[in-house]
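J.: Next up is a structure, given as structure tokens.
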Amino acid sequence: MNRFDLTPLYRSTIGFDRLASLFDAVQSAEKSSAFPPYNVARIDEHNYRLTMAVAGFGEDELDIEQRGGALTVRGTRQAEEEDGQNANVLYQGIAARNFERRFQLADQVRVTGAHLDKGLLHIAFEREIPEAEKPRKIDIAKTLAA
């Protein structure tokens, strides 16, 4: 019963439909799997890094896609051949399942790169502030120009 009805918000606002969609996305994300685990780090004022634990996945089995304000990371395991390596597994504690993880990105955030290192997928982000939105210094004049 922790589901909120956002219908009144949609009908009484103009231009904030994305905000309501974000609330819907957060509510649906709570039901999704927690696999694979990840960290989000702020490197500096404009740079961030997402680190996901993707043990057992190779570069060719991972897909990273940014579409608009959403980032999707997919891992698709290729079928293991029965070469005797997995035929006699007595216990499988390492997750070998496919996954799809979605992240909502803030405005003006873009992916600048990704690399896989020791089972960790690192994705770098940069927030690009348009020149018109950057703070600027206003000089104080002795008289106002007409």
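Chain labels follow the order of the structure tokens: the first chain is A, the next B, and so on; residue numbering restarts at 1 in every chain, and ligands are counted from 1 in their shown order.
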Determine, counting only C-alpha atoms, which protein, DNA and RNA residues have an atom within 7 Å of an atom of range 103-114 of chain A; residues of the same chain fewer than 6 positions away are not included. Present the result as a list in words.

T.: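 Returned residues: Gly69, Ala70, Leu71, Thr72, His122, Ile123, Ala124, Phe125, Glu126, Arg127, Glu128 and Ile129 of chain A.
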
J.: Next, write the just-selected residues to a file, as a PDB file, in the first residue's frame, keeping C-alpha atoms as the atom set.

T.:
```pdb
ATOM      1  CA  GLY A  69      17.890  11.053 -19.521  1.00  0.00           C
ATOM      2  CA  ALA A  70      18.145   7.308 -18.936  1.00  0.00           C
ATOM      3  CA  LEU A  71      21.119   4.962 -18.764  1.00  0.00           C
ATOM      4  CA  THR A  72      20.605   1.237 -19.273  1.00  0.00           C
ATOM      5  CA  HIS A 122      33.310   1.704 -14.203  1.00  0.00           C
ATOM      6  CA  ILE A 123      31.150   4.260 -16.045  1.00  0.00           C
ATOM      7  CA  ALA A 124      32.212   7.921 -15.988  1.00  0.00           C
ATOM      8  CA  PHE A 125      29.756  10.812 -16.205  1.00  0.00           C
ATOM      9  CA  GLU A 126      30.169  14.524 -16.696  1.00  0.00           C
ATOM     10  CA  ARG A 127      27.643  17.259 -16.043  1.00  0.00           C
ATOM     11  CA  GLU A 128      27.860  19.850 -18.790  1.00  0.00           C
ATOM     12  CA  ILE A 129      26.428  23.216 -17.817  1.00  0.00           C
TER      13      ILE A 129
END
```

J.: Please, what distance in Å, to one decimal, runs between CA of Gly56 in chain A and CA of Arg101 in chain A?

T.: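 For CA of Gly56 in chain A relative to CA of Arg101 in chain A, the distance reads 16.6 Å.
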
J.: Please identify all polymer residues within 8 Å of range 57-65 of chain A, counting only C-alpha atoms, omitting same-chain residues fewer than 2 positions from it, and present them as a PyMOL selection string.

T.: chain A and resi 54-55+67+71-78+116+119

J.: To one decimal in Å, tell me the separation between CA of Leu120 in chain A and CA of Ala53 in chain A.

T.: 4.7 Å

J.: Taking the chain letters and numbering used in this document, name the residues of range 34-135 of chain A that DSSP puts in strand (DSSP E), as a PyMOL selection string.

T.: chain A and resi 38-42+47-53+62-67+70-75+99-104+109-117+120-127
